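Next up, run_37.pdb (PDB, C-alpha atoms):
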ATOM      1  CA  MET W   1     -21.169  32.393  62.138  1.00  0.00           C
ATOM      2  CA  LYS W   2     -19.574  35.562  60.822  1.00  0.00           C
ATOM      3  CA  PHE W   3     -16.523  33.541  60.031  1.00  0.00           C
ATOM      4  CA  LEU W   4     -18.513  30.980  57.989  1.00  0.00           C
ATOM      5  CA  PHE W   5     -20.428  33.773  56.245  1.00  0.00           C
ATOM      6  CA  GLY W   6     -17.109  35.461  55.356  1.00  0.00           C
ATOM      7  CA  ILE W   7     -15.697  32.272  53.812  1.00  0.00           C
ATOM      8  CA  ILE W   8     -18.844  31.660  51.730  1.00  0.00           C
ATOM      9  CA  LEU W   9     -18.896  35.298  50.601  1.00  0.00           C
ATOM     10  CA  SER W  10     -15.233  35.260  49.625  1.00  0.00           C
ATOM     11  CA  LEU W  11     -15.699  32.014  47.684  1.00  0.00           C
ATOM     12  CA  CYS W  12     -18.691  33.433  45.800  1.00  0.00           C
ATOM     13  CA  CYS W  13     -16.842  36.653  44.998  1.00  0.00           C
ATOM     14  CA  GLY W  14     -13.753  34.760  43.966  1.00  0.00           C
ATOM     15  CA  VAL W  15     -15.730  32.644  41.554  1.00  0.00           C
ATOM     16  CA  ALA W  16     -17.651  35.655  40.220  1.00  0.00           C
ATOM     17  CA  PHE W  17     -14.528  37.695  39.556  1.00  0.00           C
ATOM     18  CA  ALA W  18     -12.271  34.856  38.449  1.00  0.00           C
ATOM     19  CA  ASP W  19     -10.866  35.041  34.968  1.00  0.00           C
ATOM     20  CA  VAL W  20     -12.734  32.020  33.689  1.00  0.00           C
ATOM     21  CA  GLN W  21     -12.355  31.325  29.980  1.00  0.00           C
ATOM     22  CA  PRO W  22     -15.383  29.921  28.241  1.00  0.00           C
ATOM     23  CA  PRO W  23     -14.747  26.470  26.817  1.00  0.00           C
ATOM     24  CA  LEU W  24     -13.263  26.527  23.347  1.00  0.00           C
ATOM     25  CA  PRO W  25     -15.422  25.164  20.591  1.00  0.00           C
ATOM     26  CA  PRO W  26     -14.314  21.747  19.421  1.00  0.00           C
ATOM     27  CA  MET W  27     -11.802  21.751  16.604  1.00  0.00           C
ATOM     28  CA  PRO W  28     -13.474  20.893  13.337  1.00  0.00           C
ATOM     29  CA  ALA W  29     -12.430  17.622  11.768  1.00  0.00           C
ATOM     30  CA  PRO W  30      -9.882  18.210   9.016  1.00  0.00           C
ATOM     31  CA  ARG W  31     -11.438  18.171   5.576  1.00  0.00           C
ATOM     32  CA  VAL W  32      -9.852  15.576   3.390  1.00  0.00           C
ATOM     33  CA  SER W  33     -10.376  15.861  -0.314  1.00  0.00           C
ATOM     34  CA  ILE W  34      -9.118  13.155  -2.593  1.00  0.00           C
ATOM     35  CA  PHE W  35      -9.082  14.157  -6.218  1.00  0.00           C
ATOM     36  CA  SER W  36      -7.362  12.394  -9.036  1.00  0.00           C
ATOM     37  CA  THR W  37      -4.967  14.594 -10.929  1.00  0.00           C
ATOM     38  CA  THR W  38      -6.968  13.649 -13.993  1.00  0.00           C
ATOM     39  CA  VAL W  39      -9.872  15.830 -12.924  1.00  0.00           C
ATOM     40  CA  ASP W  40      -8.168  18.975 -14.176  1.00  0.00           C
ATOM     41  CA  TRP W  41      -6.487  17.675 -17.335  1.00  0.00           C
ATOM     42  CA  ALA W  42      -8.825  19.597 -19.618  1.00  0.00           C
ATOM     43  CA  ALA W  43      -8.308  22.799 -17.644  1.00  0.00           C
ATOM     44  CA  VAL W  44      -4.548  22.380 -17.373  1.00  0.00           C
ATOM     45  CA  THR W  45      -3.970  21.455 -21.006  1.00  0.00           C
ATOM     46  CA  GLY W  46      -6.697  23.542 -22.625  1.00  0.00           C
ATOM     47  CA  LEU W  47      -7.738  20.419 -24.538  1.00  0.00           C
ATOM     48  CA  SER W  48     -11.210  18.954 -24.345  1.00  0.00           C
ATOM     49  CA  LEU W  49     -11.831  15.477 -22.961  1.00  0.00           C
ATOM     50  CA  ASN W  50     -13.197  12.765 -25.249  1.00  0.00           C
ATOM     51  CA  GLN W  51     -14.299   9.192 -24.681  1.00  0.00           C
ATOM     52  CA  TYR W  52     -12.431   6.320 -26.316  1.00  0.00           C
ATOM     53  CA  THR W  53     -13.375   2.648 -26.298  1.00  0.00           C
ATOM     54  CA  GLY W  54     -10.946  -0.194 -26.655  1.00  0.00           C
ATOM     55  CA  THR W  55     -11.164  -3.736 -27.941  1.00  0.00           C
ATOM     56  CA  ILE W  56      -8.507  -6.330 -27.361  1.00  0.00           C
ATOM     57  CA  LYS W  57      -7.777  -8.890 -30.031  1.00  0.00           C
ATOM     58  CA  GLY W  58      -5.255 -11.547 -30.808  1.00  0.00           C
ATOM     59  CA  GLY W  59      -3.559 -13.583 -28.222  1.00  0.00           C
ATOM     60  CA  ASP W  60      -0.337 -14.901 -26.894  1.00  0.00           C
ATOM     61  CA  ARG W  61      -1.126 -18.297 -25.374  1.00  0.00           C
ATOM     62  CA  LYS W  62       2.001 -18.123 -23.222  1.00  0.00           C
ATOM     63  CA  LEU W  63       0.747 -14.867 -21.702  1.00  0.00           C
ATOM     64  CA  ILE W  64      -2.976 -15.675 -21.557  1.00  0.00           C
ATOM     65  CA  LYS W  65      -2.799 -19.239 -20.135  1.00  0.00           C
ATOM     66  CA  GLU W  66      -6.138 -20.013 -18.346  1.00  0.00           C
ATOM     67  CA  GLY W  67      -7.190 -16.388 -18.780  1.00  0.00           C
ATOM     68  CA  LEU W  68      -5.678 -12.941 -18.556  1.00  0.00           C
ATOM     69  CA  VAL W  69      -7.068 -10.176 -16.355  1.00  0.00           C
ATOM     70  CA  LEU W  70      -6.059  -6.641 -17.341  1.00  0.00           C
ATOM     71  CA  TYR W  71      -6.535  -3.546 -15.180  1.00  0.00           C
ATOM     72  CA  TYR W  72      -6.003  -0.269 -17.029  1.00  0.00           C
ATOM     73  CA  LEU W  73      -3.432   1.974 -15.328  1.00  0.00           C
ATOM     74  CA  ASP W  74      -4.361   5.657 -15.534  1.00  0.00           C
ATOM     75  CA  ALA W  75      -1.693   7.712 -17.288  1.00  0.00           C
ATOM     76  CA  PHE W  76      -1.660  10.935 -19.236  1.00  0.00           C
ATOM     77  CA  PRO W  77      -3.387  11.543 -21.665  1.00  0.00           C
ATOM     78  CA  CYS W  78      -6.130   9.206 -20.380  1.00  0.00           C
ATOM     79  CA  TYR W  79      -7.873   7.976 -17.296  1.00  0.00           C
ATOM     80  CA  GLY W  80     -10.228   5.042 -17.159  1.00  0.00           C
ATOM     81  CA  GLU W  81     -13.918   5.267 -16.373  1.00  0.00           C
ATOM     82  CA  ALA W  82     -14.441   3.469 -13.064  1.00  0.00           C
ATOM     83  CA  ASP W  83     -16.749   0.744 -14.368  1.00  0.00           C
ATOM     84  CA  SER W  84     -14.694   0.054 -17.488  1.00  0.00           C
ATOM     85  CA  VAL W  85     -11.065  -0.546 -16.603  1.00  0.00           C
ATOM     86  CA  ARG W  86     -11.030  -4.322 -16.059  1.00  0.00           C
ATOM     87  CA  VAL W  87     -11.129  -6.790 -18.907  1.00  0.00           C
ATOM     88  CA  TRP W  88     -10.632 -10.519 -19.064  1.00  0.00           C
ATOM     89  CA  ILE W  89      -9.181 -12.342 -22.056  1.00  0.00           C
ATOM     90  CA  SER W  90     -10.195 -15.976 -22.483  1.00  0.00           C
ATOM     91  CA  PRO W  91      -7.732 -18.658 -23.581  1.00  0.00           C
ATOM     92  CA  ARG W  92      -9.392 -18.381 -27.039  1.00  0.00           C
ATOM     93  CA  GLY W  93      -8.691 -14.611 -27.139  1.00  0.00           C
ATOM     94  CA  GLU W  94     -12.271 -13.454 -26.452  1.00  0.00           C
ATOM     95  CA  MET W  95     -12.681 -10.282 -24.396  1.00  0.00           C
ATOM     96  CA  SER W  96     -15.045  -9.951 -21.436  1.00  0.00           C
ATOM     97  CA  GLY W  97     -15.536  -6.517 -19.920  1.00  0.00           C
ATOM     98  CA  HIS W  98     -15.218  -3.008 -21.299  1.00  0.00           C
ATOM     99  CA  LEU W  99     -12.362  -0.615 -21.753  1.00  0.00           C
ATOM    100  CA  ARG W 100     -13.574   2.997 -21.786  1.00  0.00           C
ATOM    101  CA  LEU W 101     -11.122   5.821 -21.383  1.00  0.00           C
ATOM    102  CA  VAL W 102     -11.481   9.587 -21.116  1.00  0.00           C
ATOM    103  CA  CYS W 103      -8.571  11.284 -22.856  1.00  0.00           C
ATOM    104  CA  VAL W 104      -7.368  14.696 -23.931  1.00  0.00           C
ATOM    105  CA  TYR W 105      -6.105  12.939 -27.086  1.00  0.00           C
ATOM    106  CA  LYS W 106      -5.785   9.348 -28.321  1.00  0.00           C
ATOM    107  CA  PRO W 107      -2.946   7.527 -26.591  1.00  0.00           C
ATOM    108  CA  GLU W 108      -0.191   5.835 -28.580  1.00  0.00           C
ATOM    109  CA  THR W 109       0.324   3.194 -25.882  1.00  0.00           C
ATOM    110  CA  ILE W 110      -1.479   2.210 -22.715  1.00  0.00           C
ATOM    111  CA  SER W 111      -0.393   0.167 -19.723  1.00  0.00           C
ATOM    112  CA  PHE W 112      -2.158  -2.517 -17.755  1.00  0.00           C
ATOM    113  CA  ALA W 113      -1.559  -4.312 -14.504  1.00  0.00           C
ATOM    114  CA  TRP W 114      -2.035  -7.979 -15.383  1.00  0.00           C
ATOM    115  CA  ARG W 115      -2.373 -11.413 -13.886  1.00  0.00           C
ATOM    116  CA  ASN W 116      -3.458 -14.849 -15.002  1.00  0.00           C
ATOM    117  CA  ALA W 117      -6.832 -15.946 -13.645  1.00  0.00           C
ATOM    118  CA  THR W 118     -10.153 -17.407 -14.646  1.00  0.00           C
ATOM    119  CA  GLU W 119     -13.018 -15.051 -15.490  1.00  0.00           C
ATOM    120  CA  GLU W 120     -14.844 -15.497 -12.175  1.00  0.00           C
ATOM    121  CA  ALA W 121     -11.725 -15.044 -10.044  1.00  0.00           C
ATOM    122  CA  THR W 122     -11.906 -12.357  -7.393  1.00  0.00           C
ATOM    123  CA  GLN W 123      -9.680  -9.323  -7.582  1.00  0.00           C
ATOM    124  CA  ALA W 124      -6.233 -10.057  -6.246  1.00  0.00           C
ATOM    125  CA  ARG W 125      -2.714  -8.758  -6.532  1.00  0.00           C
ATOM    126  CA  SER W 126      -1.581  -8.485 -10.124  1.00  0.00           C
ATOM    127  CA  THR W 127       1.712  -9.797 -11.465  1.00  0.00           C
ATOM    128  CA  GLY W 128       3.249  -6.844 -13.249  1.00  0.00           C
ATOM    129  CA  ILE W 129       2.896  -4.282 -16.015  1.00  0.00           C
ATOM    130  CA  LEU W 130       1.982  -4.806 -19.662  1.00  0.00           C
ATOM    131  CA  THR W 131       2.448  -1.950 -22.167  1.00  0.00           C
ATOM    132  CA  CYS W 132       0.493  -2.137 -25.402  1.00  0.00           C
ATOM    133  CA  PRO W 133       0.405  -0.086 -28.622  1.00  0.00           C
ATOM    134  CA  VAL W 134      -2.970   1.395 -29.572  1.00  0.00           C
ATOM    135  CA  GLU W 135      -4.290   1.155 -33.143  1.00  0.00           C
ATOM    136  CA  GLY W 136      -7.256   3.024 -34.555  1.00  0.00           C
ATOM    137  CA  LYS W 137      -9.101   6.160 -33.591  1.00  0.00           C
ATOM    138  CA  ARG W 138     -11.981   6.628 -31.098  1.00  0.00           C
ATOM    139  CA  ASN W 139     -12.752   2.928 -31.119  1.00  0.00           C
ATOM    140  CA  PHE W 140      -9.208   1.660 -30.800  1.00  0.00           C
ATOM    141  CA  THR W 141      -7.813  -1.848 -30.875  1.00  0.00           C
ATOM    142  CA  ILE W 142      -5.044  -3.460 -28.888  1.00  0.00           C
ATOM    143  CA  ASP W 143      -3.345  -6.529 -30.340  1.00  0.00           C
ATOM    144  CA  ILE W 144      -2.289  -8.423 -27.226  1.00  0.00           C
ATOM    145  CA  SER W 145       0.488 -10.183 -29.170  1.00  0.00           C
ATOM    146  CA  LYS W 146       2.186  -6.775 -29.696  1.00  0.00           C
ATOM    147  CA  CYS W 147       2.215  -5.870 -25.991  1.00  0.00           C
ATOM    148  CA  GLU W 148       5.480  -5.756 -24.084  1.00  0.00           C
ATOM    149  CA  LYS W 149       5.616  -7.474 -20.751  1.00  0.00           C
ATOM    150  CA  GLY W 150       7.390  -5.272 -18.234  1.00  0.00           C
ATOM    151  CA  PRO W 151       8.933  -6.294 -14.953  1.00  0.00           C
ATOM    152  CA  ASP W 152       6.923  -8.062 -12.285  1.00  0.00           C
ATOM    153  CA  TRP W 153       5.952  -5.784  -9.395  1.00  0.00           C
ATOM    154  CA  SER W 154       8.585  -7.390  -7.167  1.00  0.00           C
ATOM    155  CA  GLU W 155      11.224  -6.215  -9.671  1.00  0.00           C
ATOM    156  CA  HIS W 156       9.626  -2.844 -10.479  1.00  0.00           C
ATOM    157  CA  ARG W 157      11.122   0.362  -9.157  1.00  0.00           C
TER     158      ARG W 157
END
Let me see the file written as structure tokens.
Amino acid sequence: MKFLFGIILSLCCGVAFADVQPPLPPMPAPRVSIFSTTVDWAAVTGLSLNQYTGTIKGGDRKLIKEGLVLYYLDAFPCYGEADSVRVWISPRGEMSGHLRLVCVYKPETISFAWRNATEEATQARSTGILTCPVEGKRNFTIDISKCEKGPDWSEHR
């Protein structure tokens, strides 16, 4: 009995005096922040941001075909407002959608990702890049017939 009591006592003392580390708190999940570089353009440049609206006119039937979907590609000095960067051009040259940009100054040219599609088509991979001169001031105009078709994405580097 003394022997059993001695074993139990030594086990209890061993546990009581053991160098037991408390469990570490769980590591917090890493904080991921995704910010567009455009967020700080006003602060970085010292220029104020202004809103610009664009209208697309004219047409190049070879480019438009059954319809032309344009997605504005953000580039300094402008970024597109999320709900206003997709426009569709009908075969008759009519524009559907809005083009609203926030810029530190009026751009001379802007670029679009483009593809041919009907107005109701779902978003899909675009064909390539289209660079267009901008005419006007706050309410600018883009003449689609003056745009330069760049390489298709498969050729773009």
Quiz item: Which value, in Å to one decimal, gives the distance between atom CA of W:Arg115 and atom CA of W:Gly93?
Solution: 15.0 Å
Exercise. Could you check which of W:Tyr52, W:Trp41, W:Trp114, W:Tyr105 is closest to W:Leu73, using all atoms listed in the file?
Key: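 Answer, going by the shortest atom-to-atom distance: W:Trp114.
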Practice problem: Measuring atom to atom with all atoms listed in the file, identify which of W:Lys106, W:Lys62, W:Arg92, W:His98 is nearest to W:Leu49. | Solution: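 Of W:Lys106, W:Lys62, W:Arg92, W:His98, the one nearest W:Leu49, counting all atoms listed in the file, is W:Lys106.
The space separating atom CA of W:Arg125 from atom CA of W:Asp74 comes to 17.1 Å.
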Quiz item: Which polymer residues have any atom within 12 Å of an atom of W:Lys137, counting all atoms listed in the file, with same-chain residues fewer than 2 positions away left out, as a list in words?
Solution: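 What passes the distance filter is Asn50, Gln51, Tyr52, Thr53, Gly54, Thr55, Cys103, Tyr105, Lys106, Pro107, Glu108, Val134, Glu135, Asn139, Phe140, Thr141 and Ile142 of chain W.
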